[in-house]
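Trainee: Next up, my_file-v7.txt (compact mmCIF, C-alpha atoms).
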```txt
# COMPACT_ATOMS: atom_id res chain seq x y z
CA MET T 1139 61.52 112.51 239.42
CA PRO T 1140 57.78 112.04 238.76
CA VAL T 1141 57.47 115.48 237.16
CA VAL T 1142 60.31 114.80 234.72
CA ARG T 1143 58.90 111.40 233.82
CA GLY T 1144 55.50 112.98 233.26
CA LEU T 1145 56.92 115.63 230.95
CA LYS T 1146 58.87 113.01 228.99
CA ALA T 1147 55.74 110.91 228.64
CA LEU T 1148 53.79 113.93 227.45
CA SER T 1149 56.47 114.73 224.87
CA ALA T 1150 56.51 111.15 223.63
CA CYS T 1151 52.74 111.07 223.31
CA ALA T 1152 52.75 114.35 221.42
CA ALA T 1153 55.37 113.10 218.98
CA VAL T 1154 53.69 109.74 218.38
CA GLY T 1155 50.27 111.30 218.04
CA ALA T 1156 51.24 114.13 215.71
CA SER T 1157 50.09 112.41 212.55
CA LEU T 1158 46.85 111.34 214.23
CA VAL T 1159 46.14 114.91 215.26
CA LEU T 1160 46.75 116.14 211.74
CA ALA T 1161 44.56 113.44 210.28
CA ALA T 1162 41.71 114.62 212.49
CA LEU T 1163 41.89 118.23 211.30
CA PRO T 1164 38.73 119.42 209.56
CA PRO T 1165 38.91 120.20 205.85
CA ALA T 1166 40.26 123.59 204.87
CA HIS T 1167 36.84 125.04 204.07
CA ALA T 1168 35.69 124.33 207.64
CA VAL T 1169 38.64 126.03 209.34
CA ASP T 1170 38.56 129.71 210.31
CA GLY T 1171 41.58 131.63 209.11
CA PRO T 1172 44.43 130.36 206.92
CA ALA T 1173 44.88 126.60 206.68
CA PRO T 1174 46.86 124.25 204.44
CA ASP T 1175 45.07 122.20 201.83
CA PRO T 1176 44.48 118.82 203.54
CA HIS T 1177 45.12 117.15 200.17
CA ASN T 1178 48.61 118.67 200.01
CA ALA T 1179 50.67 115.67 201.10
CA LYS T 1180 53.88 117.66 201.59
CA ALA T 1181 52.12 120.24 203.76
CA MET T 1182 50.65 117.49 205.94
CA ARG T 1183 54.03 115.76 206.27
CA ASP T 1184 55.73 119.03 207.13
CA MET T 1185 53.15 119.82 209.81
CA ALA T 1186 53.62 116.38 211.33
CA THR T 1187 57.40 116.89 211.28
CA ALA T 1188 57.11 120.28 213.00
CA MET T 1189 54.95 118.82 215.76
CA ALA T 1190 57.14 115.76 216.25
CA VAL T 1191 60.34 117.82 216.46
CA THR T 1192 58.93 120.43 218.85
CA ALA T 1193 57.06 118.02 221.14
CA LYS T 1194 59.99 117.88 223.57
CA TYR T 1195 59.78 121.65 224.01
CA VAL T 1196 56.61 121.33 226.06
CA ASP T 1197 59.30 121.34 228.74
CA GLU T 1198 60.55 124.93 228.63
CA ARG T 1199 63.95 123.81 229.93
CA GLU T 1200 64.53 121.69 226.82
CA ALA T 1201 64.00 124.74 224.61
CA ILE T 1202 66.52 126.78 226.57
CA LYS T 1203 68.99 123.89 226.51
CA ASP T 1204 68.67 123.73 222.71
CA GLY T 1205 69.42 127.42 222.26
CA TYR T 1206 66.01 129.09 222.35
CA VAL T 1207 66.51 132.37 224.21
CA PRO T 1208 63.70 134.61 225.55
CA HIS T 1209 63.34 137.78 223.44
CA GLY T 1210 61.18 140.71 224.42
CA LYS T 1211 60.13 141.11 228.02
CA GLU T 1212 56.39 141.30 227.54
CA CYS T 1213 53.36 139.49 226.25
CA MET T 1214 52.41 140.87 222.84
CA THR T 1215 48.93 142.38 222.44
CA ASN T 1216 47.41 142.87 219.00
CA PRO T 1217 47.33 146.68 218.63
CA PHE T 1218 44.79 146.51 215.79
CA GLY T 1219 42.22 144.05 217.06
CA ALA T 1220 41.50 141.09 219.30
CA GLY T 1221 44.09 138.64 220.49
CA ALA T 1222 47.58 138.30 221.86
CA MET T 1223 50.69 136.14 221.76
CA GLY T 1224 52.83 134.63 224.43
CA TYR T 1225 56.53 135.03 225.14
CA HIS T 1226 59.00 134.52 222.27
CA TYR T 1227 61.98 132.22 222.71
CA VAL T 1228 64.22 132.61 219.64
CA LYS T 1229 66.98 130.44 218.24
CA GLU T 1230 69.15 132.80 216.20
CA SER T 1231 70.78 130.01 214.17
CA ASN T 1232 67.30 129.14 212.81
CA TRP T 1233 66.61 132.68 211.61
CA GLY T 1234 65.41 132.56 207.99
CA SER T 1235 64.55 128.86 208.17
CA THR T 1236 61.65 127.42 206.20
CA ASP T 1237 62.49 123.93 207.43
CA PRO T 1238 59.61 122.46 209.48
CA ALA T 1239 62.21 120.85 211.77
CA ARG T 1240 63.97 124.18 212.46
CA PRO T 1241 61.49 126.79 213.74
CA THR T 1242 62.94 130.19 214.55
CA ALA T 1243 60.87 130.75 217.66
CA LEU T 1244 58.74 129.01 220.26
CA LEU T 1245 55.98 130.98 221.97
CA TYR T 1246 55.16 130.19 225.58
CA SER T 1247 52.17 131.00 227.75
CA THR T 1248 51.72 134.17 229.74
CA GLU T 1249 50.96 132.10 232.84
CA LYS T 1250 53.22 129.61 234.60
CA ASP T 1251 52.40 126.19 235.98
CA ARG T 1252 52.85 125.23 239.61
CA TYR T 1253 56.50 124.44 238.95
CA GLY T 1254 57.16 127.98 237.64
CA ARG T 1255 57.38 126.99 233.97
CA ARG T 1256 55.51 128.36 230.98
CA LYS T 1257 53.55 126.15 228.57
CA LEU T 1258 54.44 125.82 224.89
CA GLU T 1259 51.68 127.18 222.66
CA THR T 1260 53.04 128.18 219.27
CA VAL T 1261 55.80 127.37 216.80
CA GLU T 1262 57.00 130.20 214.55
CA TRP T 1263 59.27 130.68 211.55
CA MET T 1264 60.82 134.10 210.82
CA SER T 1265 62.70 135.45 207.83
CA ALA T 1266 64.23 138.91 207.31
CA ASP T 1267 62.75 141.12 204.60
CA ARG T 1268 65.54 141.22 202.05
CA ASP T 1269 65.35 144.93 201.12
CA GLN T 1270 63.91 146.11 204.48
CA ASP T 1271 61.16 147.89 202.55
CA LEU T 1272 57.68 147.23 203.94
CA LYS T 1273 56.14 148.10 200.56
CA THR T 1274 57.75 145.23 198.63
CA THR T 1275 56.85 141.56 198.98
CA ASP T 1276 58.75 139.80 196.19
CA ASP T 1277 60.72 137.71 198.68
CA ARG T 1278 57.77 136.49 200.78
CA PRO T 1279 58.47 132.90 201.97
CA THR T 1280 55.90 130.10 202.07
CA MET T 1281 55.50 126.96 204.17
CA PHE T 1282 52.75 124.34 204.35
CA GLY T 1283 51.42 125.90 201.14
CA LEU T 1284 50.77 129.18 203.01
CA PRO T 1285 52.39 132.61 202.57
CA PHE T 1286 54.19 134.16 205.53
CA ASP T 1287 52.66 137.28 207.12
CA GLY T 1288 54.41 140.60 206.59
CA PRO T 1289 56.72 142.22 205.96
CA MET T 1290 56.49 143.98 209.32
CA PRO T 1291 58.70 145.97 211.70
CA GLY T 1292 60.75 144.15 214.32
CA HIS T 1293 59.18 143.49 217.71
CA TRP T 1294 62.22 144.30 219.84
CA GLU T 1295 65.42 146.31 219.52
CA GLY T 1296 67.71 145.02 216.81
CA MET T 1297 65.07 142.82 215.15
CA PRO T 1298 64.86 143.56 211.39
CA LYS T 1299 61.77 144.04 209.28
CA HIS T 1300 60.64 140.51 208.59
CA TYR T 1301 58.06 137.94 207.57
CA ASP T 1302 56.73 135.26 209.91
CA LEU T 1303 54.39 132.29 210.07
CA HIS T 1304 52.80 130.96 213.26
CA MET T 1305 51.49 127.46 213.86
CA TRP T 1306 49.37 127.14 217.01
CA ALA T 1307 50.31 123.52 217.49
CA TYR T 1308 49.89 123.33 221.26
CA ARG T 1309 46.97 125.64 221.98
CA GLU T 1310 43.69 126.06 220.14
CA ASN T 1311 43.28 129.33 218.29
CA PRO T 1312 39.66 130.22 217.41
CA ALA T 1313 40.95 132.32 214.52
CA GLY T 1314 42.71 129.32 212.95
CA ARG T 1315 45.82 127.22 213.55
CA PHE T 1316 47.96 129.51 211.36
CA HIS T 1317 46.47 132.87 212.32
CA ASN T 1318 49.14 135.13 213.80
CA TRP T 1319 47.14 136.37 216.82
CA ASN T 1320 45.23 134.05 219.15
CA THR T 1321 41.87 135.72 219.66
CA ALA T 1322 41.26 133.74 222.85
CA LEU T 1323 44.34 135.18 224.57
CA LYS T 1324 44.77 138.40 226.51
CA CYS T 1325 47.99 139.69 228.02
CA PRO T 1326 48.11 140.08 231.81
CA GLY T 1327 46.92 143.56 232.66
CA ASN T 1328 46.34 144.16 228.93
CA PRO T 1329 49.35 146.54 228.63
CA ALA T 1330 49.35 149.31 226.07
CA PRO T 1331 50.59 148.13 222.63
CA ASN T 1332 54.28 148.55 221.90
CA PRO T 1333 54.68 150.89 218.88
CA MET T 1334 57.32 148.50 217.50
CA HIS T 1335 54.69 145.77 217.17
CA ALA T 1336 53.26 145.24 213.73
CA ASP T 1337 49.69 144.35 212.88
CA HIS T 1338 50.80 140.78 212.13
CA GLY T 1339 53.32 140.00 214.88
```
As structure tokens - that is how I would like this structure written.
Mentor:
Amino acid sequence: MPVVRGLKALSACAAVGASLVLAALPPAHAVDGPAPDPHNAKAMRDMATAMAVTAKYVDEREAIKDGYVPHGKECMTNPFGAGAMGYHYVKESNWGSTDPARPTALLYSTEKDRYGRRKLETVEWMSADRDQDLKTTDDRPTMFGLPFDGPMPGHWEGMPKHYDLHMWAYRENPAGRFHNWNTALKCPGNPAPNPMHADHG
């Protein structure tokens, strides 16, 4: 089908072009929000790996087929400032991963395309807070040379206190590629914040 071929072509282009995209990133001092050191070769390789591996998930069906399951039934609004996130699709077997090729979650758009599918916007890694104490941070993970956000409460029932790191690989974030909230996004109807949501998300 033409649509399928188009999605496959888009995925292939995204994978092939990942390193070119990364090479074009401005230096860290010119980027708003947290950003890896462009001279950190491992961080740059890991970013390219994450983008190459997740490129196929621009097709929401591929994510579901690979075990990413929608969690939470709402778009997440930042309760402490500007911005929002999309819909979380979580792969439980990747929980706690700091492997760029094994993100815990994929975040999809609030809107759907004409075929009824959401668009991939963000890649996210999550790790449980070892002692479930929000006041301690001795087990904070890092990736791409950046510390994870948190610890924070869970966002839905059964989700533990945790750390997370977002990479806005498929949608521009004015606050920075690794900022947790996208300040250009707003949830449909701007629903009241869920008290389970943390300030980091």
Trainee: What's around Leu1245 (chain T) at 10 Å? Count all atoms listed in the file, leave out sequence neighbours fewer than 4 positions away in its own chain, and write the answer as a PyMOL selection string.
Mentor: chain T and resi 1208+1213+1223-1228+1256-1262+1304-1306+1308
Trainee: Just the selected residues (C-alpha atoms), exported as an mmCIF file, in the frame of the given file, please.
Mentor:
```
data_model
loop_
_atom_site.group_PDB
_atom_site.id
_atom_site.type_symbol
_atom_site.label_atom_id
_atom_site.label_comp_id
_atom_site.auth_asym_id
_atom_site.auth_seq_id
_atom_site.Cartn_x
_atom_site.Cartn_y
_atom_site.Cartn_z
ATOM 1 C CA PRO T 1208 63.700 134.610 225.550
ATOM 2 C CA CYS T 1213 53.360 139.490 226.250
ATOM 3 C CA MET T 1223 50.690 136.140 221.760
ATOM 4 C CA GLY T 1224 52.830 134.630 224.430
ATOM 5 C CA TYR T 1225 56.530 135.030 225.140
ATOM 6 C CA HIS T 1226 59.000 134.520 222.270
ATOM 7 C CA TYR T 1227 61.980 132.220 222.710
ATOM 8 C CA VAL T 1228 64.220 132.610 219.640
ATOM 9 C CA ARG T 1256 55.510 128.360 230.980
ATOM 10 C CA LYS T 1257 53.550 126.150 228.570
ATOM 11 C CA LEU T 1258 54.440 125.820 224.890
ATOM 12 C CA GLU T 1259 51.680 127.180 222.660
ATOM 13 C CA THR T 1260 53.040 128.180 219.270
ATOM 14 C CA VAL T 1261 55.800 127.370 216.800
ATOM 15 C CA GLU T 1262 57.000 130.200 214.550
ATOM 16 C CA HIS T 1304 52.800 130.960 213.260
ATOM 17 C CA MET T 1305 51.490 127.460 213.860
ATOM 18 C CA TRP T 1306 49.370 127.140 217.010
ATOM 19 C CA TYR T 1308 49.890 123.330 221.260
#
```
Trainee: I'd like the contact shell of region 1229-1242 of chain T - 12 Å cut-off, only C-alpha atoms, skipping same-chain residues fewer than 6 positions apart - returned as a PyMOL selection string.
Mentor: chain T and resi 1180-1193+1195+1201-1209+1260-1268+1277-1286+1297-1298+1300-1305
Trainee: Please indicate the distance in Å from CA of Val1196 (chain T) to CA of Tyr1246 (chain T), rounded to one decimal place.
Mentor: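 That distance, rounded to one decimal, is 9.0 Å.
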Trainee: If you measure from CA of Gly1210 (chain T) to CA of Cys1325 (chain T), what distance in Å do you get, rounded to one decimal?
Mentor: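 Those two atoms sit 13.7 Å apart.
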Trainee: Around region 1317-1326 of chain T, with edges along x, y and z and 6 Å added on all six sides, what centre and edge lengths do you get, in Å to one decimal, as lines of an AutoDock Vina configuration file?
Mentor:
```
center_x = 45.2
center_y = 136.5
center_z = 222.1
size_x = 19.9
size_y = 19.2
size_z = 31.5
```
Trainee: Give me, please, the distance in Å between CA of Phe1316 (chain T) and CA of Pro1174 (chain T), quoted to one decimal.
Mentor: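 So the two atoms, CA of Phe1316 (chain T) and CA of Pro1174 (chain T), lie 8.8 Å apart.
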Trainee: Closest to Arg1255 (chain T) among T:Pro1326, T:Asp1197, T:Glu1310, T:Ala1173, using only C-alpha atoms?
Mentor: T:Asp1197
Trainee: With only C-alpha atoms as the atoms that count, which of T:Thr1248, T:Thr1215, T:Asn1178, T:Thr1275 lies nearest to Lys1299 (chain T)?
Mentor: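 Closest candidate: T:Thr1275.
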